[in-house]
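Notes for the one structure printed next.
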Amino acid sequence: MAKEKKVESIEDLPGVGPAIAEKLRDAGFTDLITLAVTPPADIAVAAEIGEAQAKKIVEAARKFADVGNFVTGDVVLERRQHISKLTTGSQALDNLLGGGLETQAITELFGPFGSGKTQIIHQLLVNVTMPEERKGLNGEAILIDTENTFRPERIEQMSLALNLDPKEVLKKIHVARAYNSSHQMLLVEKAFETAKQNPIRLIAVDSLTAHFRVEYTGRGALAERQQMLNRHMHDLLRFADIYNAVVAVTNQVSARPDVFFGDPNQPIGGNIVGHTATFRISLRRSKGDKRIARLIDSPSLPEGEVVIVINSEGVRDG
Ligand code: ADP
Ligand code: MG
């Protein structure tokens, strides 16, 4: 009997010809695993194919995709031994986090407008390029910018303050604007491709929640929004694991009860973001350029808060 054909790329799947493959790729479904874990209805809409056909494709992808396997504790331990830490620029904040932002985890920065979330993201984009002796990761960064707040001039300013060549630093920061939440999610898929060619050690999403907040309004949309955010967070976590990278996301506290149902002082996304993020830092303004950073419900570190400053040089001890 003839040996079964090896299925490695999406074109090899039964029922996927070149035309369908192209549609799938255009919609961001570039590999078997992504097809295997996406609901057929979503694929049907994104790739403009019938739902029955999408269902068949998903079934085939599930059969052939390398979905991974259970691993024993010693393997998890081995993997965790590769965890590195990225400095925030403030020794006090690094100490609060047990040495800096961890790779293989998601760190969420949340706080009101002007609390310093975007500034800290800029600082991390610069710091990740530094060598390990300077508590960087000797790597490059991806920024998914949803609010058009990325400022290369600010990167230059922060780089000079650290005696880094601003041009070299800017070349290591890969930025994309995300125009809506679907685009934002597709950009994470794109990030996997970028990371194949560049040593990406940080992926930042600023803001994680802004698009979701405006697109999914009203009580009826809440469940759907949480579901999409959940998927987005897990895509980011997968990136963190595969590339041993830091994931940093921002989340603005909404004080407007008309756009947030529940406690107005709670960040949007509530449980979903909170439970998937490994480290959560709340930020609030203090006197002048001072900010108070507080570590919230970490699984392994004590709660506490520190004072940092955000000045022309960037993020420093308060
Ligand atoms: P968020 O993203 O939380 O809304 P930002 O990170 O944009 O807030 O913080 C904005 C604040 O950062 C400004 O109000 C200012 O205090 C500080 N800031 C921004 N740029 C500079 C700079 N070049 N020099 C000094 N402080 C700055
Ligand atoms: Mg901001």
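Chain lettering (A, B, ...) mirrors the order of the structure tokens, residue numbering begins at 1 for each chain separately, and ligand numbering begins at 1 in order of display.
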>> Give me, as a PyMOL selection string, the residues of region 20-144 of chain A that a backbone DSSP run labels strand (DSSP E or B).
In response: chain A and resi 85-86+101-102+105-111+140-144
Save out the residues we just selected, C-alpha atoms, as a compact mmCIF listing (two decimals), in the first residue's frame.
```txt
# COMPACT_ATOMS: atom_id res chain seq x y z
CA LYS A 85 15.08 39.45 33.06
CA LEU A 86 14.85 42.78 31.31
CA LEU A 101 10.46 41.83 33.43
CA GLU A 102 10.60 38.07 32.90
CA ALA A 105 5.58 35.68 30.74
CA ILE A 106 3.21 38.59 30.16
CA THR A 107 3.59 41.78 32.17
CA GLU A 108 0.63 44.13 32.20
CA LEU A 109 1.04 47.84 32.96
CA PHE A 110 -2.22 49.42 33.95
CA GLY A 111 -3.19 52.87 35.09
CA GLU A 140 15.32 43.38 19.10
CA ALA A 141 11.73 44.40 19.75
CA ILE A 142 8.30 44.40 18.17
CA LEU A 143 5.78 47.09 19.03
CA ILE A 144 2.12 46.82 18.13
```
Within-12 Å residues of ligand 2, basis only C-alpha atoms and all ligand atoms, as a ChimeraX atom specification: /A:109-122,145-151,205-210,249-253,283
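Excluding Lys56 (chain A) and any residue on its chain fewer than 6 positions from it, the residues at most 12 Å away by only C-alpha atoms are Leu13, Pro14, Gly15, Val16, Leu35, Ala36, Pro39, Pro40, Ala41, Ile43, Ala44, Ile49, Gly50, Arg62 and Lys63 of chain A.
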Take the residues just selected and output them with all heavy atoms as a compact mmCIF listing (two decimals), in the first residue's frame.
```
# COMPACT_ATOMS: atom_id res chain seq x y z
N LEU A 13 -2.86 19.91 2.93
CA LEU A 13 -4.12 19.43 3.53
C LEU A 13 -5.09 19.02 2.43
O LEU A 13 -5.22 19.71 1.42
CB LEU A 13 -4.76 20.53 4.37
CG LEU A 13 -4.07 20.89 5.69
CD1 LEU A 13 -4.68 22.16 6.27
CD2 LEU A 13 -4.18 19.74 6.69
N PRO A 14 -5.79 17.90 2.64
CA PRO A 14 -6.81 17.53 1.66
C PRO A 14 -7.88 18.62 1.56
O PRO A 14 -8.29 19.18 2.57
CB PRO A 14 -7.40 16.23 2.24
CG PRO A 14 -6.91 16.13 3.64
CD PRO A 14 -5.67 16.94 3.74
N GLY A 15 -8.25 18.97 0.32
CA GLY A 15 -9.29 19.99 0.13
C GLY A 15 -8.75 21.42 0.07
O GLY A 15 -9.50 22.36 -0.11
N VAL A 16 -7.42 21.56 0.22
CA VAL A 16 -6.84 22.91 0.12
C VAL A 16 -5.98 23.00 -1.14
O VAL A 16 -4.87 22.49 -1.18
CB VAL A 16 -5.99 23.26 1.36
CG1 VAL A 16 -5.36 24.63 1.21
CG2 VAL A 16 -6.85 23.22 2.63
N LEU A 35 -4.53 26.84 12.09
CA LEU A 35 -5.80 26.33 11.58
C LEU A 35 -6.45 25.38 12.58
O LEU A 35 -7.66 25.40 12.80
CB LEU A 35 -5.58 25.60 10.25
CG LEU A 35 -5.35 26.47 9.02
CD1 LEU A 35 -4.95 25.60 7.84
CD2 LEU A 35 -6.59 27.29 8.68
N ALA A 36 -5.62 24.57 13.20
CA ALA A 36 -6.14 23.54 14.10
C ALA A 36 -6.83 24.12 15.33
O ALA A 36 -7.75 23.53 15.86
CB ALA A 36 -5.01 22.60 14.54
N PRO A 39 -11.66 28.39 15.59
CA PRO A 39 -13.01 27.91 15.28
C PRO A 39 -13.29 28.04 13.78
O PRO A 39 -12.99 29.08 13.19
CB PRO A 39 -13.91 28.86 16.08
CG PRO A 39 -13.04 29.44 17.14
CD PRO A 39 -11.65 29.47 16.57
N PRO A 40 -13.87 26.99 13.14
CA PRO A 40 -14.13 27.02 11.70
C PRO A 40 -14.91 28.26 11.26
O PRO A 40 -14.63 28.82 10.19
CB PRO A 40 -14.95 25.75 11.47
CG PRO A 40 -14.56 24.83 12.57
CD PRO A 40 -14.23 25.70 13.75
N ALA A 41 -15.85 28.71 12.07
CA ALA A 41 -16.65 29.88 11.69
C ALA A 41 -15.76 31.11 11.49
O ALA A 41 -15.98 31.90 10.57
CB ALA A 41 -17.71 30.16 12.76
N ILE A 43 -12.60 31.07 10.61
CA ILE A 43 -11.81 30.87 9.39
C ILE A 43 -12.67 31.16 8.17
O ILE A 43 -12.23 31.81 7.22
CB ILE A 43 -11.26 29.42 9.34
CG1 ILE A 43 -10.26 29.23 10.48
CG2 ILE A 43 -10.60 29.13 7.98
CD1 ILE A 43 -9.77 27.81 10.64
N ALA A 44 -13.92 30.70 8.20
CA ALA A 44 -14.83 30.92 7.08
C ALA A 44 -14.96 32.41 6.79
O ALA A 44 -14.86 32.84 5.63
CB ALA A 44 -16.20 30.30 7.40
N ILE A 49 -14.51 31.65 2.83
CA ILE A 49 -14.86 30.34 2.29
C ILE A 49 -16.08 29.83 3.06
O ILE A 49 -16.47 30.43 4.06
CB ILE A 49 -13.69 29.32 2.42
CG1 ILE A 49 -13.26 29.17 3.89
CG2 ILE A 49 -12.50 29.74 1.55
CD1 ILE A 49 -12.21 28.09 4.09
N GLY A 50 -16.67 28.74 2.57
CA GLY A 50 -17.86 28.21 3.23
C GLY A 50 -17.52 27.61 4.58
O GLY A 50 -16.40 27.17 4.82
N ARG A 62 -6.15 19.47 12.43
CA ARG A 62 -6.02 18.89 13.78
C ARG A 62 -5.33 17.54 13.73
O ARG A 62 -4.59 17.17 14.63
CB ARG A 62 -7.40 18.70 14.41
CG ARG A 62 -7.97 20.02 14.83
CD ARG A 62 -9.06 19.85 15.85
NE ARG A 62 -9.46 21.17 16.30
CZ ARG A 62 -10.66 21.47 16.72
NH1 ARG A 62 -11.60 20.55 16.77
NH2 ARG A 62 -10.92 22.70 17.10
N LYS A 63 -5.62 16.81 12.65
CA LYS A 63 -5.05 15.47 12.51
C LYS A 63 -3.54 15.55 12.27
O LYS A 63 -2.78 14.73 12.79
CB LYS A 63 -5.75 14.77 11.33
CG LYS A 63 -5.47 13.30 11.22
CD LYS A 63 -6.44 12.65 10.23
CE LYS A 63 -5.78 11.47 9.56
NZ LYS A 63 -6.36 11.21 8.24
```
### Message
Calculated over only C-alpha atoms, which of the candidates A:Gly17, A:Gly218, A:Gly304, A:Gly318 has the smallest distance to Ser286 (chain A)?
### Response
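The closest residue to Ser286 (chain A) is A:Gly318.
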Across A:Ala178, A:Ile173, A:Val214, A:Ile296, the smallest distance to Asn198 (chain A), with only C-alpha atoms counted, is shown by A:Ile173
For a test of reading the model, state the distance in Å between CA of Glu153 (chain A) and CA of Ile281 (chain A), rounded to one decimal.
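Separation between CA of Glu153 (chain A) and CA of Ile281 (chain A): 25.9 Å.
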### Message
I want to know what sits within 12 Å of Asp12 (chain A), based on only C-alpha atoms, with residues of the same chain fewer than 4 positions away left out; could you give that as a PyMOL selection string?
### Response
chain A and resi 4-8+16-18+20-21+31-32+57+60-61+64-65
### DSSP helix (DSSP H, G or I) residues within region 56-305 of chain A, as a ChimeraX atom specification
/A:56-64,73-80,91-96,117-127,132-134,152-161,166-171,181-197,210-215,219-242,270-276
Writing out the chosen residues with C-alpha atoms as a short mmCIF file (atom, residue, chain, number, x, y, z; two decimals), in the first residue's frame:
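Below is the file selection29.cif, written as the result:
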```
data_model
loop_
_atom_site.label_atom_id
_atom_site.label_comp_id
_atom_site.auth_asym_id
_atom_site.auth_seq_id
_atom_site.Cartn_x
_atom_site.Cartn_y
_atom_site.Cartn_z
CA LYS A 56 -13.18 20.04 6.96
CA ILE A 57 -9.94 22.02 6.81
CA VAL A 58 -9.81 22.38 10.60
CA GLU A 59 -10.46 18.66 11.09
CA ALA A 60 -7.61 17.81 8.74
CA ALA A 61 -5.30 20.37 10.35
CA ARG A 62 -6.02 18.89 13.78
CA LYS A 63 -5.05 15.47 12.51
CA PHE A 64 -1.72 16.57 11.08
CA GLY A 73 8.22 18.56 35.22
CA ASP A 74 11.96 18.29 34.61
CA VAL A 75 11.45 19.62 31.07
CA VAL A 76 9.43 22.54 32.42
CA LEU A 77 12.23 23.20 34.91
CA GLU A 78 14.81 23.11 32.12
CA ARG A 79 12.76 25.58 30.09
CA ARG A 80 12.37 27.87 33.09
CA GLN A 91 16.51 49.42 40.12
CA ALA A 92 13.70 49.68 42.66
CA LEU A 93 11.07 48.55 40.16
CA ASP A 94 13.35 45.76 38.93
CA ASN A 95 13.76 44.54 42.53
CA LEU A 96 10.00 44.63 43.05
CA LYS A 117 2.51 53.28 30.53
CA THR A 118 3.69 54.39 27.09
CA GLN A 119 6.87 55.88 28.52
CA ILE A 120 7.79 52.60 30.21
CA ILE A 121 7.12 50.74 26.94
CA HIS A 122 9.51 53.12 25.12
CA GLN A 123 12.14 52.49 27.79
CA LEU A 124 11.76 48.71 27.44
CA LEU A 125 12.13 48.97 23.65
CA VAL A 126 15.48 50.69 24.21
CA ASN A 127 16.63 48.49 27.09
CA GLU A 132 23.05 41.26 29.24
CA GLU A 133 25.71 42.95 31.41
CA ARG A 134 23.55 46.05 31.27
CA PRO A 152 11.08 57.56 17.52
CA GLU A 153 12.35 60.92 18.81
CA ARG A 154 11.74 59.71 22.34
CA ILE A 155 13.69 56.54 21.57
CA GLU A 156 16.59 58.74 20.41
CA GLN A 157 16.44 60.77 23.62
CA MET A 158 16.37 57.67 25.84
CA SER A 159 19.16 55.99 23.83
CA LEU A 160 21.47 58.99 24.16
CA ALA A 161 20.87 59.03 27.92
CA PRO A 166 20.03 56.00 18.57
CA LYS A 167 20.15 54.90 14.92
CA GLU A 168 21.25 51.40 15.89
CA VAL A 169 18.53 51.18 18.52
CA LEU A 170 15.82 52.38 16.12
CA LYS A 171 16.86 49.73 13.60
CA SER A 181 -8.67 44.66 17.14
CA SER A 182 -8.67 42.03 14.35
CA HIS A 183 -5.69 43.74 12.77
CA GLN A 184 -4.00 43.80 16.17
CA MET A 185 -4.48 40.04 16.53
CA LEU A 186 -3.21 39.33 13.02
CA LEU A 187 -0.10 41.36 13.74
CA VAL A 188 0.84 38.84 16.43
CA GLU A 189 0.84 36.16 13.73
CA LYS A 190 3.04 38.45 11.65
CA ALA A 191 5.32 38.82 14.66
CA PHE A 192 6.07 35.10 14.53
CA GLU A 193 7.38 35.57 10.98
CA THR A 194 9.42 38.64 11.92
CA ALA A 195 10.96 36.68 14.78
CA LYS A 196 12.20 34.02 12.38
CA GLN A 197 14.50 36.60 10.77
CA ALA A 210 -8.18 50.26 23.55
CA HIS A 211 -9.58 48.81 20.31
CA PHE A 212 -11.49 46.09 22.12
CA ARG A 213 -12.98 48.69 24.41
CA VAL A 214 -14.50 50.77 21.61
CA GLU A 215 -15.45 47.90 19.30
CA ARG A 219 -23.47 44.25 27.83
CA GLY A 220 -24.20 41.80 25.01
CA ALA A 221 -20.72 42.21 23.56
CA LEU A 222 -18.86 41.66 26.78
CA ALA A 223 -18.56 37.87 26.54
CA GLU A 224 -17.35 38.06 22.96
CA ARG A 225 -14.81 40.73 23.84
CA GLN A 226 -13.42 38.63 26.68
CA GLN A 227 -13.17 35.63 24.37
CA MET A 228 -11.20 37.58 21.76
CA LEU A 229 -8.94 39.15 24.38
CA ASN A 230 -8.34 35.72 25.83
CA ARG A 231 -7.25 34.37 22.47
CA HIS A 232 -5.03 37.40 21.88
CA MET A 233 -3.32 36.97 25.26
CA HIS A 234 -2.69 33.31 24.58
CA ASP A 235 -1.16 34.09 21.18
CA LEU A 236 1.18 36.49 22.96
CA LEU A 237 2.04 33.92 25.60
CA ARG A 238 2.84 31.38 22.89
CA PHE A 239 5.21 33.94 21.35
CA ALA A 240 6.83 34.48 24.77
CA ASP A 241 7.40 30.74 25.18
CA ILE A 242 8.69 30.02 21.69
CA GLY A 270 -10.89 42.38 34.10
CA ASN A 271 -10.49 38.70 34.77
CA ILE A 272 -9.21 37.62 31.38
CA VAL A 273 -6.28 39.99 31.21
CA GLY A 274 -5.61 39.67 34.91
CA HIS A 275 -5.52 35.90 34.95
CA THR A 276 -3.36 35.49 31.86
#
```
re CA of Lys23 (chain A) and CA of Gln53 (chain A): distance 12.9 Å
- Pairwise distance for CA of Ile83 (chain A) and atom 9 (O, counted along the ligand's line) of ligand 1, rounded to one decimal in Å: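 Interatomic distance here is 29.0 Å.
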Q) In terms of the shortest atom-to-atom distance over only C-alpha atoms and all ligand atoms, which of A:Thr30, A:Asn69, A:Ser84, A:Asn311 is closest to ligand 1? A)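 Using only C-alpha atoms and all ligand atoms, ligand 1 sits closest to A:Asn311.
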List as a list in words the protein and nucleic acid residues near Asn244 (chain A), meaning an atom at most 7 Å away when only C-alpha atoms are counted, but skip any in the same chain fewer than 5 places from it. Ile83, Thr103, Gln104 and Arg201 of chain A
Can you write out the residues you just picked, keeping N, CA, C and O atoms, as an mmCIF file, in the first residue's frame?
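Wrote out.cif, looks like this:
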```
data_model
loop_
_atom_site.group_PDB
_atom_site.id
_atom_site.type_symbol
_atom_site.label_atom_id
_atom_site.label_comp_id
_atom_site.auth_asym_id
_atom_site.auth_seq_id
_atom_site.Cartn_x
_atom_site.Cartn_y
_atom_site.Cartn_z
ATOM 1 N N ILE A 83 14.801 31.438 31.527
ATOM 2 C CA ILE A 83 14.133 32.716 31.763
ATOM 3 C C ILE A 83 15.178 33.793 32.042
ATOM 4 O O ILE A 83 16.082 33.589 32.840
ATOM 5 N N THR A 103 11.145 36.936 30.840
ATOM 6 C CA THR A 103 10.778 36.330 29.563
ATOM 7 C C THR A 103 9.816 35.164 29.851
ATOM 8 O O THR A 103 9.678 34.743 30.998
ATOM 9 N N GLN A 104 9.155 34.674 28.825
ATOM 10 C CA GLN A 104 8.187 33.568 28.946
ATOM 11 C C GLN A 104 6.982 33.942 29.811
ATOM 12 O O GLN A 104 6.342 33.074 30.404
ATOM 13 N N ARG A 201 13.251 39.727 21.253
ATOM 14 C CA ARG A 201 13.186 39.288 22.657
ATOM 15 C C ARG A 201 12.130 40.060 23.446
ATOM 16 O O ARG A 201 11.953 39.827 24.643
#
```
Using only C-alpha atoms, which residues sit within 6 Å of Leu202 (chain A) once same-chain residues fewer than 5 positions away are excluded, as a ChimeraX atom specification?
/A:141,245-247
Saved selection, atoms kept: all heavy atoms, as a tab-separated table (two decimals), in the first residue's frame:
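Below you can see selection_18.tsv, which holds the result:
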```tsv
chain	number	residue	atom	x	y	z
A	141	ALA	N	13.08	44.29	19.19
A	141	ALA	CA	11.73	44.40	19.75
A	141	ALA	C	10.67	44.58	18.67
A	141	ALA	O	10.95	45.09	17.58
A	141	ALA	CB	11.68	45.58	20.72
A	245	ALA	N	10.79	35.32	25.04
A	245	ALA	CA	10.69	36.77	24.95
A	245	ALA	C	9.86	37.35	26.11
A	245	ALA	O	9.07	36.65	26.73
A	245	ALA	CB	10.02	37.15	23.63
A	246	VAL	N	10.08	38.64	26.32
A	246	VAL	CA	9.25	39.41	27.27
A	246	VAL	C	8.01	39.89	26.52
A	246	VAL	O	8.12	40.32	25.37
A	246	VAL	CB	10.03	40.64	27.79
A	246	VAL	CG1	9.12	41.60	28.53
A	246	VAL	CG2	11.19	40.20	28.68
A	247	VAL	N	6.86	39.79	27.14
A	247	VAL	CA	5.65	40.40	26.59
A	247	VAL	C	5.22	41.50	27.55
A	247	VAL	O	5.04	41.24	28.74
A	247	VAL	CB	4.49	39.39	26.42
A	247	VAL	CG1	3.25	40.10	25.89
A	247	VAL	CG2	4.88	38.26	25.48
```
A:Asp289, A:Asp66, A:Glu22, A:Asp317: which is nearest ligand 1, counting only C-alpha atoms and all ligand atoms?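 Closest residue, counting only C-alpha atoms and all ligand atoms: A:Asp289.
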If you count only C-alpha atoms, which residues fall within 12 Å of Glu303 (chain A), apart from same-chain ones fewer than 3 positions away, as a short mmCIF file (atom, residue, chain, number, x, y, z; two decimals) with all heavy atoms, in the first residue's frame?
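Dumped everything to around-v2.cif:
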```
data_model
loop_
_atom_site.label_atom_id
_atom_site.label_comp_id
_atom_site.auth_asym_id
_atom_site.auth_seq_id
_atom_site.Cartn_x
_atom_site.Cartn_y
_atom_site.Cartn_z
N LEU A 93 12.16 49.28 40.83
CA LEU A 93 11.07 48.55 40.16
C LEU A 93 11.55 47.15 39.74
O LEU A 93 10.81 46.18 39.88
CB LEU A 93 10.56 49.36 38.95
CG LEU A 93 9.39 48.77 38.17
CD1 LEU A 93 8.22 48.40 39.06
CD2 LEU A 93 8.92 49.76 37.08
N ASN A 95 13.74 45.35 41.30
CA ASN A 95 13.76 44.54 42.53
C ASN A 95 12.36 44.07 42.89
O ASN A 95 12.16 42.92 43.28
CB ASN A 95 14.34 45.34 43.70
CG ASN A 95 15.83 45.57 43.52
OD1 ASN A 95 16.48 44.93 42.70
ND2 ASN A 95 16.38 46.50 44.29
N LEU A 96 11.39 44.98 42.74
CA LEU A 96 10.00 44.63 43.05
C LEU A 96 9.55 43.44 42.20
O LEU A 96 8.79 42.59 42.62
CB LEU A 96 9.11 45.85 42.80
CG LEU A 96 7.64 45.77 43.20
CD1 LEU A 96 7.50 45.73 44.72
CD2 LEU A 96 6.86 46.95 42.64
N LEU A 97 10.07 43.40 40.95
CA LEU A 97 9.69 42.34 40.01
C LEU A 97 10.60 41.12 40.11
O LEU A 97 10.53 40.22 39.27
CB LEU A 97 9.75 42.89 38.58
CG LEU A 97 8.70 43.94 38.23
CD1 LEU A 97 9.07 44.66 36.95
CD2 LEU A 97 7.33 43.30 38.11
N GLY A 98 11.48 41.12 41.08
CA GLY A 98 12.39 39.99 41.23
C GLY A 98 13.53 40.03 40.22
O GLY A 98 14.04 38.99 39.81
N PHE A 279 2.50 39.04 35.56
CA PHE A 279 2.85 40.16 36.44
C PHE A 279 1.96 41.35 36.08
O PHE A 279 1.79 41.64 34.89
CB PHE A 279 4.32 40.56 36.25
CG PHE A 279 5.26 39.44 36.56
CD1 PHE A 279 5.76 38.64 35.54
CD2 PHE A 279 5.64 39.16 37.87
CE1 PHE A 279 6.61 37.58 35.82
CE2 PHE A 279 6.50 38.11 38.15
CZ PHE A 279 6.99 37.32 37.12
N ARG A 280 1.42 41.98 37.09
CA ARG A 280 0.57 43.14 36.85
C ARG A 280 1.10 44.31 37.66
O ARG A 280 1.26 44.19 38.88
CB ARG A 280 -0.87 42.85 37.26
CG ARG A 280 -1.38 41.50 36.75
CD ARG A 280 -2.85 41.35 37.03
NE ARG A 280 -3.62 42.26 36.19
CZ ARG A 280 -4.82 42.71 36.51
NH1 ARG A 280 -5.39 42.38 37.65
NH2 ARG A 280 -5.45 43.52 35.68
N ILE A 281 1.36 45.41 36.97
CA ILE A 281 1.88 46.59 37.66
C ILE A 281 0.88 47.72 37.51
O ILE A 281 0.53 48.10 36.38
CB ILE A 281 3.23 47.03 37.05
CG1 ILE A 281 4.25 45.89 37.11
CG2 ILE A 281 3.76 48.27 37.76
CD1 ILE A 281 5.47 46.13 36.25
N SER A 282 0.40 48.22 38.62
CA SER A 282 -0.50 49.39 38.54
C SER A 282 0.35 50.64 38.69
O SER A 282 1.30 50.69 39.47
CB SER A 282 -1.59 49.29 39.60
OG SER A 282 -1.28 50.10 40.71
N ALA A 293 4.54 52.77 41.33
CA ALA A 293 4.32 51.48 40.66
C ALA A 293 4.06 50.43 41.72
O ALA A 293 4.83 50.31 42.68
CB ALA A 293 5.55 51.11 39.83
N ARG A 294 2.98 49.70 41.55
CA ARG A 294 2.60 48.70 42.55
C ARG A 294 2.44 47.34 41.88
O ARG A 294 1.80 47.23 40.84
CB ARG A 294 1.28 49.13 43.19
CG ARG A 294 0.81 48.21 44.27
CD ARG A 294 -0.42 48.72 45.00
NE ARG A 294 -0.73 47.78 46.05
CZ ARG A 294 -0.13 47.75 47.24
NH1 ARG A 294 0.76 48.66 47.54
NH2 ARG A 294 -0.43 46.82 48.12
N LEU A 295 3.04 46.32 42.48
CA LEU A 295 2.90 44.96 41.95
C LEU A 295 1.65 44.33 42.55
O LEU A 295 1.48 44.31 43.77
CB LEU A 295 4.15 44.14 42.31
CG LEU A 295 4.15 42.71 41.78
CD1 LEU A 295 4.25 42.69 40.26
CD2 LEU A 295 5.31 41.92 42.39
N ILE A 296 0.78 43.83 41.67
CA ILE A 296 -0.52 43.29 42.10
C ILE A 296 -0.55 41.78 41.90
O ILE A 296 -0.09 41.28 40.89
CB ILE A 296 -1.66 43.91 41.25
CG1 ILE A 296 -1.56 45.43 41.20
CG2 ILE A 296 -3.03 43.44 41.72
CD1 ILE A 296 -2.17 46.18 42.33
N ASP A 297 -1.17 41.11 42.82
CA ASP A 297 -1.36 39.64 42.82
C ASP A 297 -0.41 38.81 41.94
O ASP A 297 -0.82 38.14 41.01
CB ASP A 297 -2.82 39.21 42.59
CG ASP A 297 -3.53 39.93 41.44
OD1 ASP A 297 -3.01 39.89 40.30
OD2 ASP A 297 -4.58 40.50 41.68
N SER A 298 0.87 38.85 42.27
CA SER A 298 1.85 37.99 41.59
C SER A 298 1.84 36.60 42.24
O SER A 298 1.67 36.48 43.45
CB SER A 298 3.24 38.61 41.71
OG SER A 298 4.22 37.61 41.64
N PRO A 299 2.01 35.54 41.41
CA PRO A 299 1.98 34.19 41.98
C PRO A 299 3.16 33.90 42.90
O PRO A 299 3.06 33.05 43.77
CB PRO A 299 2.02 33.29 40.75
CG PRO A 299 2.60 34.12 39.66
CD PRO A 299 2.23 35.53 39.97
N SER A 300 4.27 34.59 42.70
CA SER A 300 5.47 34.19 43.43
C SER A 300 6.19 35.33 44.16
O SER A 300 7.18 35.10 44.83
CB SER A 300 6.46 33.53 42.46
OG SER A 300 6.65 34.38 41.35
N VAL A 306 6.76 50.91 44.73
CA VAL A 306 7.98 51.71 44.70
C VAL A 306 7.69 53.01 43.97
O VAL A 306 6.73 53.11 43.21
CB VAL A 306 9.13 50.98 43.97
CG1 VAL A 306 9.56 49.73 44.72
CG2 VAL A 306 8.76 50.64 42.54
#
```
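The nearest approach to ligand 1 among the residues A:Leu164, A:Ile310, A:Ala277, A:Val315, with only C-alpha atoms and all ligand atoms taken into account, belongs to A:Ile310.
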